[in-house]
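Q: Enclosed is the structure file start.pdb (PDB, C-alpha atoms).
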```pdb
MODEL        1
ATOM      1  CA  MET O 902     -64.383  63.854 -34.525  1.00  0.00           C
ATOM      2  CA  GLY O 903     -65.390  60.209 -34.183  1.00  0.00           C
ATOM      3  CA  LYS O 904     -63.744  57.144 -35.595  1.00  0.00           C
ATOM      4  CA  MET O 905     -66.419  56.862 -38.300  1.00  0.00           C
ATOM      5  CA  ASP O 906     -65.506  60.378 -39.440  1.00  0.00           C
ATOM      6  CA  LEU O 907     -61.818  59.447 -39.518  1.00  0.00           C
ATOM      7  CA  LYS O 908     -62.594  56.356 -41.576  1.00  0.00           C
ATOM      8  CA  SER O 909     -64.700  58.349 -44.056  1.00  0.00           C
ATOM      9  CA  ILE O 910     -61.963  60.950 -44.479  1.00  0.00           C
ATOM     10  CA  ALA O 911     -59.270  58.265 -44.849  1.00  0.00           C
ATOM     11  CA  ASP O 912     -61.342  56.288 -47.359  1.00  0.00           C
ATOM     12  CA  CYS O 913     -61.962  59.407 -49.468  1.00  0.00           C
ATOM     13  CA  MET O 914     -58.325  60.517 -49.365  1.00  0.00           C
ATOM     14  CA  ILE O 915     -57.020  57.047 -50.229  1.00  0.00           C
ATOM     15  CA  ALA O 916     -59.524  56.668 -53.084  1.00  0.00           C
ATOM     16  CA  ALA O 917     -58.484  60.086 -54.435  1.00  0.00           C
ATOM     17  CA  GLY O 918     -54.788  59.143 -54.320  1.00  0.00           C
ATOM     18  CA  TYR O 919     -53.940  61.130 -51.183  1.00  0.00           C
ATOM     19  CA  GLY O 920     -53.239  58.231 -48.848  1.00  0.00           C
ATOM     20  CA  ARG O 921     -49.716  59.450 -48.093  1.00  0.00           C
ATOM     21  CA  GLU O 922     -50.983  62.892 -47.110  1.00  0.00           C
ATOM     22  CA  CYS O 923     -53.658  61.355 -44.907  1.00  0.00           C
ATOM     23  CA  VAL O 924     -51.058  59.271 -43.073  1.00  0.00           C
ATOM     24  CA  LYS O 925     -48.774  62.331 -42.651  1.00  0.00           C
ATOM     25  CA  ILE O 926     -51.555  63.994 -40.666  1.00  0.00           C
ATOM     26  CA  TYR O 927     -52.896  60.925 -38.854  1.00  0.00           C
ATOM     27  CA  GLN O 928     -49.643  59.391 -37.597  1.00  0.00           C
ATOM     28  CA  PRO O 929     -48.200  62.294 -35.583  1.00  0.00           C
ATOM     29  CA  ASN O 930     -51.533  62.937 -33.924  1.00  0.00           C
ATOM     30  CA  ARG O 931     -52.052  59.332 -32.854  1.00  0.00           C
ATOM     31  CA  LYS O 932     -48.378  58.925 -31.934  1.00  0.00           C
ATOM     32  CA  SER O 933     -48.685  61.861 -29.548  1.00  0.00           C
ATOM     33  CA  VAL O 934     -51.656  60.130 -27.891  1.00  0.00           C
ATOM     34  CA  VAL O 935     -49.651  56.917 -27.432  1.00  0.00           C
ATOM     35  CA  ASP O 936     -46.573  58.780 -26.162  1.00  0.00           C
ATOM     36  CA  GLU O 937     -48.618  60.907 -23.767  1.00  0.00           C
ATOM     37  CA  THR O 938     -50.433  57.856 -22.400  1.00  0.00           C
ATOM     38  CA  LEU O 939     -47.131  56.073 -21.768  1.00  0.00           C
ATOM     39  CA  TYR O 940     -45.875  59.204 -20.028  1.00  0.00           C
ATOM     40  CA  TYR O 941     -48.942  59.254 -17.758  1.00  0.00           C
ATOM     41  CA  LEU O 942     -48.346  55.570 -17.030  1.00  0.00           C
ATOM     42  CA  GLY O 943     -44.885  56.574 -15.781  1.00  0.00           C
ATOM     43  CA  ILE O 944     -42.874  55.229 -18.701  1.00  0.00           C
ATOM     44  CA  GLU O 945     -39.923  57.408 -19.557  1.00  0.00           C
ATOM     45  CA  LYS O 946     -37.065  56.929 -21.964  1.00  0.00           C
ATOM     46  CA  LEU O 947     -34.017  56.007 -19.893  1.00  0.00           C
ATOM     47  CA  SER O 948     -30.531  55.228 -21.058  1.00  0.00           C
ATOM     48  CA  SER O 949     -28.588  52.242 -19.858  1.00  0.00           C
ATOM     49  CA  SER O 950     -26.046  54.536 -18.200  1.00  0.00           C
ATOM     50  CA  HIS O 951     -28.838  56.377 -16.381  1.00  0.00           C
ATOM     51  CA  ILE O 952     -30.129  53.078 -15.001  1.00  0.00           C
ATOM     52  CA  GLN O 953     -26.615  52.006 -13.972  1.00  0.00           C
ATOM     53  CA  LYS O 954     -26.226  55.202 -11.937  1.00  0.00           C
ATOM     54  CA  MET O 955     -29.652  54.904 -10.361  1.00  0.00           C
ATOM     55  CA  ASP O 956     -30.083  54.078  -6.697  1.00  0.00           C
ATOM     56  CA  TRP O 957     -31.639  50.637  -6.191  1.00  0.00           C
ATOM     57  CA  LYS O 958     -34.643  52.038  -4.287  1.00  0.00           C
ATOM     58  CA  LEU O 959     -35.510  54.336  -7.182  1.00  0.00           C
ATOM     59  CA  LEU O 960     -34.956  51.547  -9.701  1.00  0.00           C
ATOM     60  CA  GLU O 961     -37.207  49.275  -7.667  1.00  0.00           C
ATOM     61  CA  ILE O 962     -39.972  51.904  -7.842  1.00  0.00           C
ATOM     62  CA  LYS O 963     -39.480  52.140 -11.601  1.00  0.00           C
ATOM     63  CA  ILE O 964     -39.674  48.331 -11.894  1.00  0.00           C
ATOM     64  CA  LYS O 965     -42.922  48.243  -9.926  1.00  0.00           C
ATOM     65  CA  ASN O 966     -44.331  51.036 -12.080  1.00  0.00           C
ATOM     66  CA  TRP O 967     -43.193  49.275 -15.268  1.00  0.00           C
ATOM     67  CA  LEU O 968     -44.926  46.030 -14.245  1.00  0.00           C
ATOM     68  CA  THR O 969     -48.225  47.898 -13.959  1.00  0.00           C
ATOM     69  CA  ALA O 970     -47.704  50.041 -17.046  1.00  0.00           C
ATOM     70  CA  VAL O 971     -46.734  47.192 -19.375  1.00  0.00           C
ATOM     71  CA  LYS O 972     -49.994  45.376 -18.684  1.00  0.00           C
ATOM     72  CA  ILE O 973     -52.039  48.470 -19.477  1.00  0.00           C
ATOM     73  CA  ALA O 974     -49.949  49.364 -22.526  1.00  0.00           C
ATOM     74  CA  VAL O 975     -50.186  45.925 -24.113  1.00  0.00           C
ATOM     75  CA  THR O 976     -53.759  44.976 -23.228  1.00  0.00           C
ATOM     76  CA  THR O 977     -55.319  48.397 -23.737  1.00  0.00           C
ATOM     77  CA  LEU O 978     -53.181  51.086 -25.374  1.00  0.00           C
ATOM     78  CA  PHE O 979     -51.459  49.125 -28.170  1.00  0.00           C
ATOM     79  CA  HIS O 980     -54.427  46.805 -28.628  1.00  0.00           C
ATOM     80  CA  ASP O 981     -56.902  49.663 -29.022  1.00  0.00           C
ATOM     81  CA  GLU O 982     -54.542  51.563 -31.318  1.00  0.00           C
ATOM     82  CA  LYS O 983     -54.317  48.502 -33.557  1.00  0.00           C
ATOM     83  CA  ILE O 984     -58.109  48.243 -33.681  1.00  0.00           C
ATOM     84  CA  LEU O 985     -58.401  51.937 -34.562  1.00  0.00           C
ATOM     85  CA  CYS O 986     -55.773  51.724 -37.333  1.00  0.00           C
ATOM     86  CA  ASP O 987     -57.418  48.595 -38.738  1.00  0.00           C
ATOM     87  CA  TYR O 988     -60.762  50.355 -38.791  1.00  0.00           C
ATOM     88  CA  VAL O 989     -59.689  53.756 -40.129  1.00  0.00           C
ATOM     89  CA  PHE O 990     -57.415  52.312 -42.827  1.00  0.00           C
ATOM     90  CA  SER O 991     -59.423  49.224 -43.754  1.00  0.00           C
ATOM     91  CA  ALA O 992     -59.168  50.354 -47.404  1.00  0.00           C
ATOM     92  CA  SER O 993     -55.419  49.659 -47.479  1.00  0.00           C
ATOM     93  CA  ASP O 994     -53.531  46.790 -45.826  1.00  0.00           C
ATOM     94  CA  ASN O 995     -50.162  48.493 -46.402  1.00  0.00           C
ATOM     95  CA  ILE O 996     -51.213  51.778 -44.827  1.00  0.00           C
ATOM     96  CA  ARG O 997     -52.935  50.013 -41.949  1.00  0.00           C
ATOM     97  CA  GLU O 998     -49.872  47.992 -40.952  1.00  0.00           C
ATOM     98  CA  SER O 999     -47.245  50.674 -41.513  1.00  0.00           C
ATOM     99  CA  CYS O1000     -49.320  53.315 -39.760  1.00  0.00           C
ATOM    100  CA  PHE O1001     -49.733  51.176 -36.633  1.00  0.00           C
ATOM    101  CA  SER O1002     -46.017  50.338 -36.631  1.00  0.00           C
ATOM    102  CA  GLU O1003     -44.955  53.962 -36.910  1.00  0.00           C
ATOM    103  CA  ILE O1004     -47.382  55.126 -34.233  1.00  0.00           C
ATOM    104  CA  THR O1005     -46.352  52.548 -31.629  1.00  0.00           C
ATOM    105  CA  LYS O1006     -42.708  51.806 -32.501  1.00  0.00           C
ATOM    106  CA  ASP O1007     -40.976  54.383 -30.275  1.00  0.00           C
ATOM    107  CA  GLY O1008     -43.271  53.772 -27.316  1.00  0.00           C
ATOM    108  CA  ALA O1009     -42.907  50.013 -27.597  1.00  0.00           C
ATOM    109  CA  LEU O1010     -39.120  50.273 -27.787  1.00  0.00           C
ATOM    110  CA  THR O1011     -39.021  52.494 -24.720  1.00  0.00           C
ATOM    111  CA  LEU O1012     -41.303  50.088 -22.879  1.00  0.00           C
ATOM    112  CA  PHE O1013     -39.632  46.834 -23.893  1.00  0.00           C
ATOM    113  CA  LEU O1014     -35.975  47.898 -23.666  1.00  0.00           C
ATOM    114  CA  PHE O1015     -36.379  48.688 -19.973  1.00  0.00           C
ATOM    115  CA  PRO O1016     -36.201  45.023 -18.795  1.00  0.00           C
ATOM    116  CA  GLU O1017     -33.013  44.454 -20.779  1.00  0.00           C
ATOM    117  CA  MET O1018     -31.365  47.494 -19.239  1.00  0.00           C
ATOM    118  CA  VAL O1019     -32.482  46.498 -15.727  1.00  0.00           C
ATOM    119  CA  ALA O1020     -31.084  42.996 -16.217  1.00  0.00           C
ATOM    120  CA  LYS O1021     -27.676  44.572 -16.851  1.00  0.00           C
ATOM    121  CA  TYR O1022     -27.761  46.540 -13.581  1.00  0.00           C
ATOM    122  CA  ARG O1023     -24.223  46.236 -12.209  1.00  0.00           C
ATOM    123  CA  ARG O1024     -25.010  46.312  -8.516  1.00  0.00           C
ATOM    124  CA  LEU O1025     -27.422  43.404  -8.708  1.00  0.00           C
ATOM    125  CA  SER O1026     -27.251  41.256  -5.579  1.00  0.00           C
ATOM    126  CA  LEU O1027     -28.925  37.891  -5.194  1.00  0.00           C
ATOM    127  CA  GLU O1028     -31.845  39.428  -3.274  1.00  0.00           C
ATOM    128  CA  LYS O1029     -32.387  42.017  -5.995  1.00  0.00           C
ATOM    129  CA  MET O1030     -32.313  39.357  -8.699  1.00  0.00           C
ATOM    130  CA  PHE O1031     -35.809  38.132  -7.744  1.00  0.00           C
ATOM    131  CA  ARG O1032     -37.233  41.606  -8.293  1.00  0.00           C
ATOM    132  CA  VAL O1033     -35.531  41.779 -11.684  1.00  0.00           C
ATOM    133  CA  LEU O1034     -36.992  38.386 -12.613  1.00  0.00           C
ATOM    134  CA  ASP O1035     -40.479  39.913 -12.199  1.00  0.00           C
ATOM    135  CA  VAL O1036     -39.659  42.182 -15.114  1.00  0.00           C
TER
ENDMDL
END
```
What is this structure when it is put down as structure tokens?

A:
Amino acid sequence: MGKMDLKSIADCMIAAGYGRECVKIYQPNRKSVVDETLYYLGIEKLSSSHIQKMDWKLLEIKIKNWLTAVKIAVTTLFHDEKILCDYVFSASDNIRESCFSEITKDGALTLFLFPEMVAKYRRLSLEKMFRVLDV
């Protein structure tokens, strides 16, 4: 199913008063695409305590991976998802904005909380600080 098909279905459902039902089907499907892409980019949900217990070498690998993944996520994944939501739900500004937010919220939080947690790494020496500043 192409994006023009999605737009036609969304337009018809919204016009018929079934916008909420359309979103209930669309959001989980697109959210799974975003979450799966972040997973393939190596982004995983980590707790602050998990990071504190992590060996520096492993954390350094995760930092390097994050630096690559964040560029792809922001310039491609989130950007393209916004374009798709804007296109599919052009009939409704409210649906368009809320749909994009719901689809990307969890992934964005996972992605953007990582630097904060790394900055609080307890065993951070002066040499390691420069690596953290990259994040």

Q: List the residues selected by the PyMOL selection byres ((chain O and resi 970) around 9) in the file shown, writing them as a list of chain:residue names.

A: O:Leu939, O:Leu942, O:Gly943, O:Ile944, O:Lys965, O:Asn966, O:Trp967, O:Leu968, O:Thr969, O:Val971, O:Lys972, O:Ile973, O:Ala974, O:Val975, O:Leu1012

Q: Evaluate the PyMOL selection byres ((chain O and resi 918-928) around 10) against this structure - the residues, as JSON, numbers by chain, please.

A: {"O": [907, 910, 911, 912, 913, 914, 915, 916, 917, 929, 930, 931, 932, 933, 934, 986, 989, 990, 992, 993, 996, 997, 999, 1000, 1001, 1002, 1003, 1004, 1005]}

Q: Quick check on the file I pasted: which residues fall under the PyMOL selection byres ((chain O and resi 952) around 12)? Write them as a PDB file with C-alpha atoms, in the coordinates of the input.

A:
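Resulting contents of out-v1.pdb:
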```pdb
ATOM      1  CA  GLU O 945     -39.923  57.408 -19.557  1.00  0.00           C
ATOM      2  CA  LYS O 946     -37.065  56.929 -21.964  1.00  0.00           C
ATOM      3  CA  LEU O 947     -34.017  56.007 -19.893  1.00  0.00           C
ATOM      4  CA  SER O 948     -30.531  55.228 -21.058  1.00  0.00           C
ATOM      5  CA  SER O 949     -28.588  52.242 -19.858  1.00  0.00           C
ATOM      6  CA  SER O 950     -26.046  54.536 -18.200  1.00  0.00           C
ATOM      7  CA  HIS O 951     -28.838  56.377 -16.381  1.00  0.00           C
ATOM      8  CA  GLN O 953     -26.615  52.006 -13.972  1.00  0.00           C
ATOM      9  CA  LYS O 954     -26.226  55.202 -11.937  1.00  0.00           C
ATOM     10  CA  MET O 955     -29.652  54.904 -10.361  1.00  0.00           C
ATOM     11  CA  ASP O 956     -30.083  54.078  -6.697  1.00  0.00           C
ATOM     12  CA  TRP O 957     -31.639  50.637  -6.191  1.00  0.00           C
ATOM     13  CA  LYS O 958     -34.643  52.038  -4.287  1.00  0.00           C
ATOM     14  CA  LEU O 959     -35.510  54.336  -7.182  1.00  0.00           C
ATOM     15  CA  LEU O 960     -34.956  51.547  -9.701  1.00  0.00           C
ATOM     16  CA  GLU O 961     -37.207  49.275  -7.667  1.00  0.00           C
ATOM     17  CA  LYS O 963     -39.480  52.140 -11.601  1.00  0.00           C
ATOM     18  CA  ILE O 964     -39.674  48.331 -11.894  1.00  0.00           C
ATOM     19  CA  LEU O1014     -35.975  47.898 -23.666  1.00  0.00           C
ATOM     20  CA  PHE O1015     -36.379  48.688 -19.973  1.00  0.00           C
ATOM     21  CA  PRO O1016     -36.201  45.023 -18.795  1.00  0.00           C
ATOM     22  CA  GLU O1017     -33.013  44.454 -20.779  1.00  0.00           C
ATOM     23  CA  MET O1018     -31.365  47.494 -19.239  1.00  0.00           C
ATOM     24  CA  VAL O1019     -32.482  46.498 -15.727  1.00  0.00           C
ATOM     25  CA  ALA O1020     -31.084  42.996 -16.217  1.00  0.00           C
ATOM     26  CA  LYS O1021     -27.676  44.572 -16.851  1.00  0.00           C
ATOM     27  CA  TYR O1022     -27.761  46.540 -13.581  1.00  0.00           C
ATOM     28  CA  ARG O1023     -24.223  46.236 -12.209  1.00  0.00           C
ATOM     29  CA  ARG O1024     -25.010  46.312  -8.516  1.00  0.00           C
ATOM     30  CA  LEU O1025     -27.422  43.404  -8.708  1.00  0.00           C
TER      31      LEU O1025
END
```

Q: Pick from O:His980, O:Gly903, O:Tyr988, O:Thr1011: nearest to Tyr940 of chain O, with only C-alpha atoms counted?

A: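 For Tyr940 of chain O, the nearest of the candidates is O:Thr1011.
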